[in-house]
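Data from protein_36.pdb: PDB, C-alpha atoms, pLDDT in the B column
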```
ATOM      1  CA  MET R  71       0.000   0.000   0.000  1.00 78.00           C
ATOM      2  CA  ASP R  72       1.537   3.360  -0.980  1.00 85.00           C
ATOM      3  CA  GLN R  73       1.354   6.497   1.202  1.00 85.00           C
ATOM      4  CA  LYS R  74      -1.739   7.962  -0.495  1.00 91.00           C
ATOM      5  CA  GLU R  75      -3.633   4.668  -0.195  1.00 91.00           C
ATOM      6  CA  ARG R  76      -2.602   4.377   3.450  1.00 90.00           C
ATOM      7  CA  VAL R  77      -3.927   7.896   4.198  1.00 93.00           C
ATOM      8  CA  GLU R  78      -7.272   7.052   2.586  1.00 94.00           C
ATOM      9  CA  PHE R  79      -7.438   3.712   4.422  1.00 93.00           C
ATOM     10  CA  LEU R  80      -6.826   5.426   7.776  1.00 94.00           C
ATOM     11  CA  LYS R  81      -9.360   8.198   7.086  1.00 96.00           C
ATOM     12  CA  LYS R  82     -12.027   5.581   6.360  1.00 96.00           C
ATOM     13  CA  ASP R  83     -10.941   3.651   9.444  1.00 94.00           C
ATOM     14  CA  PHE R  84     -11.372   6.750  11.628  1.00 96.00           C
ATOM     15  CA  ASP R  85     -14.846   7.435  10.173  1.00 96.00           C
ATOM     16  CA  ARG R  86     -16.073   4.130  11.629  1.00 96.00           C
ATOM     17  CA  GLN R  87     -14.647   4.585  15.143  1.00 95.00           C
ATOM     18  CA  PRO R  88     -17.441   4.727  17.781  1.00 96.00           C
ATOM     19  CA  CYS R  89     -15.385   6.743  20.295  1.00 94.00           C
ATOM     20  CA  GLY R  90     -14.602   9.407  17.709  1.00 94.00           C
ATOM     21  CA  LYS R  91     -18.248   9.639  16.688  1.00 94.00           C
ATOM     22  CA  ALA R  92     -19.553   9.751  20.273  1.00 93.00           C
ATOM     23  CA  ASN R  93     -17.245  12.665  21.075  1.00 92.00           C
ATOM     24  CA  PHE R  94     -17.766  14.486  17.753  1.00 94.00           C
ATOM     25  CA  MET R  95     -14.076  14.248  16.873  1.00 96.00           C
ATOM     26  CA  VAL R  96     -12.854  15.328  13.448  1.00 97.00           C
ATOM     27  CA  LEU R  97      -9.769  14.188  11.528  1.00 98.00           C
ATOM     28  CA  ASP R  98      -8.636  17.533  10.080  1.00 97.00           C
ATOM     29  CA  GLU R  99      -5.308  16.500   8.556  1.00 97.00           C
ATOM     30  CA  LEU R 100      -3.275  13.345   8.064  1.00 96.00           C
ATOM     31  CA  SER R 101       0.143  13.318   6.410  1.00 93.00           C
ATOM     32  CA  PRO R 102       3.541  11.785   7.234  1.00 90.00           C
ATOM     33  CA  ALA R 103       4.418  15.145   8.817  1.00 91.00           C
ATOM     34  CA  GLN R 104       1.328  15.671  10.983  1.00 95.00           C
ATOM     35  CA  ALA R 105      -1.975  14.289  12.217  1.00 97.00           C
ATOM     36  CA  LYS R 106      -4.464  16.914  13.397  1.00 97.00           C
ATOM     37  CA  PHE R 107      -7.652  15.995  15.248  1.00 98.00           C
ATOM     38  CA  SER R 108     -10.184  18.378  16.776  1.00 97.00           C
ATOM     39  CA  MET R 109     -13.498  18.491  18.566  1.00 96.00           C
ATOM     40  CA  GLY R 110     -15.938  21.117  19.744  1.00 94.00           C
ATOM     41  CA  VAL R 111     -15.789  21.942  23.451  1.00 94.00           C
ATOM     42  CA  MET R 112     -19.139  20.848  24.893  1.00 94.00           C
ATOM     43  CA  LEU R 113     -20.465  20.901  28.426  1.00 93.00           C
ATOM     44  CA  ARG R 114     -20.842  17.106  28.292  1.00 93.00           C
ATOM     45  CA  HIS R 115     -17.001  16.852  28.192  1.00 93.00           C
ATOM     46  CA  CYS R 116     -16.503  19.012  31.277  1.00 94.00           C
ATOM     47  CA  VAL R 117     -16.072  18.900  35.011  1.00 94.00           C
ATOM     48  CA  VAL R 118     -17.759  21.875  36.708  1.00 94.00           C
ATOM     49  CA  ASP R 119     -15.844  23.577  39.521  1.00 90.00           C
ATOM     50  CA  GLY R 120     -17.494  24.993  42.651  1.00 91.00           C
ATOM     51  CA  ASP R 121     -17.565  28.482  41.101  1.00 92.00           C
ATOM     52  CA  GLY R 122     -19.386  27.183  38.017  1.00 90.00           C
ATOM     53  CA  THR R 123     -16.370  27.147  35.697  1.00 92.00           C
ATOM     54  CA  ALA R 124     -16.611  24.188  33.304  1.00 94.00           C
ATOM     55  CA  VAL R 125     -13.251  22.663  32.348  1.00 93.00           C
ATOM     56  CA  VAL R 126     -12.764  19.834  29.836  1.00 94.00           C
ATOM     57  CA  GLN R 127     -12.001  16.633  31.746  1.00 93.00           C
ATOM     58  CA  GLY R 128      -8.412  15.407  31.278  1.00 92.00           C
ATOM     59  CA  GLY R 129      -9.517  11.989  30.039  1.00 92.00           C
ATOM     60  CA  VAL R 130     -11.341  13.626  27.125  1.00 94.00           C
ATOM     61  CA  VAL R 131      -8.184  15.557  26.234  1.00 94.00           C
ATOM     62  CA  ALA R 132      -6.126  12.352  26.500  1.00 94.00           C
ATOM     63  CA  THR R 133      -8.541  10.554  24.161  1.00 94.00           C
ATOM     64  CA  LEU R 134      -8.104  13.189  21.451  1.00 95.00           C
ATOM     65  CA  VAL R 135      -4.312  13.129  21.985  1.00 96.00           C
ATOM     66  CA  ASP R 136      -4.365   9.328  21.678  1.00 94.00           C
ATOM     67  CA  PHE R 137      -6.246   9.434  18.362  1.00 95.00           C
ATOM     68  CA  ALA R 138      -3.740  11.926  16.906  1.00 96.00           C
ATOM     69  CA  GLY R 139      -0.733   9.900  18.042  1.00 94.00           C
ATOM     70  CA  VAL R 140      -2.126   6.517  17.000  1.00 92.00           C
ATOM     71  CA  TYR R 141      -3.068   7.615  13.497  1.00 93.00           C
ATOM     72  CA  LEU R 142       0.301   9.263  12.831  1.00 92.00           C
ATOM     73  CA  ALA R 143       2.127   6.171  14.144  1.00 89.00           C
ATOM     74  CA  ARG R 144      -0.037   3.898  11.983  1.00 87.00           C
ATOM     75  CA  LEU R 145       0.643   6.060   8.925  1.00 89.00           C
ATOM     76  CA  ILE R 146       4.434   6.079   9.245  1.00 84.00           C
ATOM     77  CA  SER R 147       4.886   2.442  10.297  1.00 79.00           C
ATOM     78  CA  ASP R 148       5.551  -0.359   7.811  1.00 67.00           C
ATOM     79  CA  SER R 149       1.847  -1.168   7.783  1.00 67.00           C
ATOM     80  CA  PRO R 150      -1.177   0.517   9.436  1.00 64.00           C
ATOM     81  CA  GLU R 151      -1.593  -2.559  11.642  1.00 72.00           C
ATOM     82  CA  ASN R 152       2.088  -2.840  12.542  1.00 71.00           C
ATOM     83  CA  ILE R 153       2.120  -1.064  15.927  1.00 75.00           C
ATOM     84  CA  THR R 154       1.172  -2.213  19.391  1.00 73.00           C
ATOM     85  CA  PRO R 155      -1.369  -0.462  21.587  1.00 79.00           C
ATOM     86  CA  LEU R 156       0.011   2.562  23.396  1.00 84.00           C
ATOM     87  CA  LEU R 157       2.937   1.641  25.655  1.00 86.00           C
ATOM     88  CA  LYS R 158       3.418   4.962  27.385  1.00 91.00           C
ATOM     89  CA  LEU R 159       1.712   8.362  27.547  1.00 92.00           C
ATOM     90  CA  ASP R 160       3.364  11.381  29.151  1.00 93.00           C
ATOM     91  CA  GLU R 161       1.054  14.402  29.296  1.00 93.00           C
ATOM     92  CA  VAL R 162       1.537  17.858  30.751  1.00 93.00           C
ATOM     93  CA  TYR R 163      -1.294  20.407  30.925  1.00 91.00           C
ATOM     94  CA  TYR R 164      -0.302  24.094  31.185  1.00 91.00           C
ATOM     95  CA  LYS R 165      -3.757  25.654  31.139  1.00 91.00           C
ATOM     96  CA  PRO R 166      -7.275  24.227  31.241  1.00 90.00           C
ATOM     97  CA  ILE R 167      -9.621  24.047  28.249  1.00 91.00           C
ATOM     98  CA  VAL R 168     -12.521  26.204  29.462  1.00 91.00           C
ATOM     99  CA  PHE R 169     -16.099  25.810  28.205  1.00 92.00           C
ATOM    100  CA  GLY R 170     -17.375  29.133  26.833  1.00 89.00           C
ATOM    101  CA  LYS R 171     -13.878  30.523  26.208  1.00 90.00           C
ATOM    102  CA  ASP R 172     -12.341  27.720  24.151  1.00 91.00           C
ATOM    103  CA  LYS R 173     -14.607  26.644  21.286  1.00 93.00           C
ATOM    104  CA  ARG R 174     -12.434  23.836  19.902  1.00 94.00           C
ATOM    105  CA  LEU R 175      -9.899  21.433  21.343  1.00 95.00           C
ATOM    106  CA  VAL R 176      -7.105  20.561  18.889  1.00 96.00           C
ATOM    107  CA  ALA R 177      -4.448  17.833  19.095  1.00 96.00           C
ATOM    108  CA  LYS R 178      -1.571  18.011  16.606  1.00 97.00           C
ATOM    109  CA  ALA R 179       0.760  15.013  16.403  1.00 96.00           C
ATOM    110  CA  PHE R 180       4.090  15.563  14.680  1.00 93.00           C
ATOM    111  CA  ASN R 181       7.828  14.937  14.837  1.00 85.00           C
ATOM    112  CA  PRO R 182       7.641  11.124  14.854  1.00 87.00           C
ATOM    113  CA  ARG R 183      10.845   9.409  15.910  1.00 89.00           C
ATOM    114  CA  VAL R 184      11.410   5.811  14.923  1.00 85.00           C
ATOM    115  CA  LYS R 185      14.113   4.083  16.965  1.00 84.00           C
ATOM    116  CA  ASP R 186      14.799   0.372  16.678  1.00 79.00           C
ATOM    117  CA  ASN R 187      11.541  -1.216  17.819  1.00 82.00           C
ATOM    118  CA  ARG R 188       9.594   1.838  18.990  1.00 85.00           C
ATOM    119  CA  ILE R 189       7.882   4.945  17.690  1.00 88.00           C
ATOM    120  CA  ASP R 190       7.681   8.170  19.738  1.00 92.00           C
ATOM    121  CA  ILE R 191       5.137  10.811  18.713  1.00 94.00           C
ATOM    122  CA  PHE R 192       4.977  14.386  20.058  1.00 96.00           C
ATOM    123  CA  VAL R 193       1.503  15.981  20.408  1.00 96.00           C
ATOM    124  CA  THR R 194       0.484  19.534  21.276  1.00 95.00           C
ATOM    125  CA  VAL R 195      -2.899  20.362  22.803  1.00 95.00           C
ATOM    126  CA  GLU R 196      -4.460  23.688  21.847  1.00 95.00           C
ATOM    127  CA  GLY R 197      -7.637  25.572  22.616  1.00 93.00           C
ATOM    128  CA  GLU R 198      -9.168  27.697  19.845  1.00 92.00           C
ATOM    129  CA  ASP R 199     -11.557  30.603  20.342  1.00 88.00           C
ATOM    130  CA  GLU R 200     -14.387  31.674  18.014  1.00 88.00           C
ATOM    131  CA  GLY R 201     -11.966  33.712  15.887  1.00 88.00           C
ATOM    132  CA  GLY R 202      -9.716  30.714  15.294  1.00 86.00           C
ATOM    133  CA  ARG R 203      -6.924  32.017  17.527  1.00 89.00           C
ATOM    134  CA  SER R 204      -5.217  29.227  19.417  1.00 91.00           C
ATOM    135  CA  TRP R 205      -3.227  28.831  22.607  1.00 91.00           C
ATOM    136  CA  THR R 206      -1.076  25.892  23.612  1.00 93.00           C
ATOM    137  CA  LYS R 207      -2.674  24.227  26.628  1.00 94.00           C
ATOM    138  CA  GLY R 208      -0.443  21.180  26.962  1.00 94.00           C
ATOM    139  CA  GLN R 209       1.734  18.584  25.306  1.00 96.00           C
ATOM    140  CA  ALA R 210       2.226  14.861  25.281  1.00 96.00           C
ATOM    141  CA  THR R 211       4.614  12.184  24.104  1.00 95.00           C
ATOM    142  CA  LEU R 212       3.187   8.821  23.063  1.00 94.00           C
ATOM    143  CA  THR R 213       5.321   5.700  22.698  1.00 92.00           C
ATOM    144  CA  PHE R 214       4.362   2.646  20.647  1.00 88.00           C
ATOM    145  CA  ALA R 215       6.267  -0.560  19.896  1.00 84.00           C
ATOM    146  CA  ARG R 216       6.527  -1.846  16.366  1.00 75.00           C
ATOM    147  CA  LYS R 217       5.425  -5.424  15.839  1.00 69.00           C
ATOM    148  CA  PHE R 218       7.819  -7.859  14.270  1.00 56.00           C
ATOM    149  CA  HIS R 219       6.732 -11.073  12.592  1.00 49.00           C
ATOM    150  CA  LYS R 220       8.900 -14.167  12.760  1.00 45.00           C
ATOM    151  CA  LYS R 221       9.767 -15.846   9.503  1.00 46.00           C
ATOM    152  CA  ILE R 222       9.290 -19.598   9.590  1.00 43.00           C
TER     153      ILE R 222
END
```
Would you mind writing the file out in structure tokens?
Amino acid sequence: MDQKERVEFLKKDFDRQPCGKANFMVLDELSPAQAKFSMGVMLRHCVVDGDGTAVVQGGVVATLVDFAGVYLARLISDSPENITPLLKLDEVYYKPIVFGKDKRLVAKAFNPRVKDNRIDIFVTVEGEDEGGRSWTKGQATLTFARKFHKKI
């Protein structure tokens, strides 16, 4: 499968993912350089503080980050099915994604590093306002192992 066919395969694969659909996630871009996923910030994704401030729950952010990292890793590996489930996720949040202020949550995966039997993917987390301006809210590094098949 060449690169263009792999991109189309993965886009169709994402379109059938129940978690992506349930959370209204969108695959905005997929190339060997970057995978960009986004979703609208909705109250249903939030935890409400005592003062009434609604902040997107960290697990929702991690889910979007995971989709971005997984799809970039699948695109650059030997085959879309040639990676293991996530081995390690390191996330750091600088600022919260706030309902009413941030309209979209964006995860951009880029800078893949392939070393021996693993793939490391860097992901930024951004909040976008109504005007499309964005602010970095966090970052993550995802690590996957590449599968190897024994020859008999």
Would you write out, as CSV, a table of all residues in range 190-210 of chain R that have an atom no more than 10 Å from an atom of range 95-110 of chain R, listing for each the closest atom pair and the distance in Å to one decimal, considering only C-alpha atoms and ordering rows by chain and rising residue number?
```
residue,atom,partner,partner_atom,distance
R:Ile191,CA,R:Gln104,CA,9.9
R:Phe192,CA,R:Gln104,CA,9.9
R:Val193,CA,R:Ala105,CA,9.1
R:Thr194,CA,R:Lys106,CA,9.7
R:Val195,CA,R:Ser108,CA,9.7
R:Glu196,CA,R:Ser108,CA,9.3
R:Gly197,CA,R:Ser108,CA,9.6
R:Glu198,CA,R:Gly110,CA,9.4
```
Quiz item: Selected by the PyMOL selection byres ((chain R and resi 209) around 9) in the shown coordinates: which residues, as an MDAnalysis selection string?
Solution: chainID R and resid 135 160:164 177 192:196 206:208 210:211
Quiz item: Counting all atoms listed in the file, what is within 9 Å of range 76-79 of chain R, bar same-chain residues fewer than 3 positions away, as a list in words?
Solution: Met71, Asp72, Gln73, Lys82, Asp83, Phe84, Leu100, Ser101, Pro102, Arg144, Leu145, Ser149 and Pro150 of chain R
Quiz item: Could you write out as a PyMOL selection string the residues that the PyMOL selection byres ((chain R and resi 156) around 7) matches in the shown file?
Solution: chain R and resi 154-155+157-158+213-214
Quiz item: Which residues, written as a list in words, have at least one atom at most 9 Å from Gly170 in chain R, with only C-alpha atoms counted and residues fewer than 5 positions away on the same chain left out?
Solution: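 Surrounding residues, per the criterion: Val111, Met112, Leu113, Ala124 and Asp199 of chain R.
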Quiz item: In Å, how far is it from CA of Ala215 in chain R to CA of Ile153 in chain R?
Solution: 5.8 Å
Quiz prompt | Best match for closeness to Asn152 in chain R among R:Val126, R:Val140, R:Val117, R:Ala179, counting all atoms listed in the file | solution =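 Smallest separation from Asn152 in chain R among the options: R:Val140.
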Exercise. State, in Å with one decimal place, the distance from CA of Ser147 in chain R to CA of Arg216 in chain R.
Key: 7.6 Å
Quiz item: Restricting the calculation to only C-alpha atoms, which member of R:Ile167, R:Ser204, R:Asp172, R:Leu212 is positioned closest to Arg188 in chain R?
Solution: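 Smallest separation from Arg188 in chain R among the options: R:Leu212.
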Self-check item: d(CA of Glu200 in chain R, CA of Asp136 in chain R) in Å
Solution: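 Value for the CA of Glu200 in chain R-CA of Asp136 in chain R distance: 24.8 Å.
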Practice problem: Find the residue from R:Lys171, R:Lys81, R:Arg86, R:Lys178 that sits nearest to Ala138 in chain R; use all atoms listed in the file when measuring. | Solution: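 Checking each of R:Lys171, R:Lys81, R:Arg86, R:Lys178 against Ala138 in chain R, counting all atoms listed in the file, the winner is R:Lys178.
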As JSON, please report the centre and edge lengths, rounded to one decimal in Å, of the axis-aligned box that holds all listed atoms of range 86-90 of chain R with 3 Å of padding on each of the six sides.
```
{"center_x": -16.0, "center_y": 6.8, "center_z": 16.0, "size_x": 8.8, "size_y": 11.3, "size_z": 14.7}
```
Quiz prompt | From R:Leu80, R:Lys165, R:Leu175, R:Ile189, residue lying nearest Val131 in chain R [all atoms listed in the file] | solution =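 Comparing R:Leu80, R:Lys165, R:Leu175, R:Ile189 against Val131 in chain R, the winner is R:Leu175.
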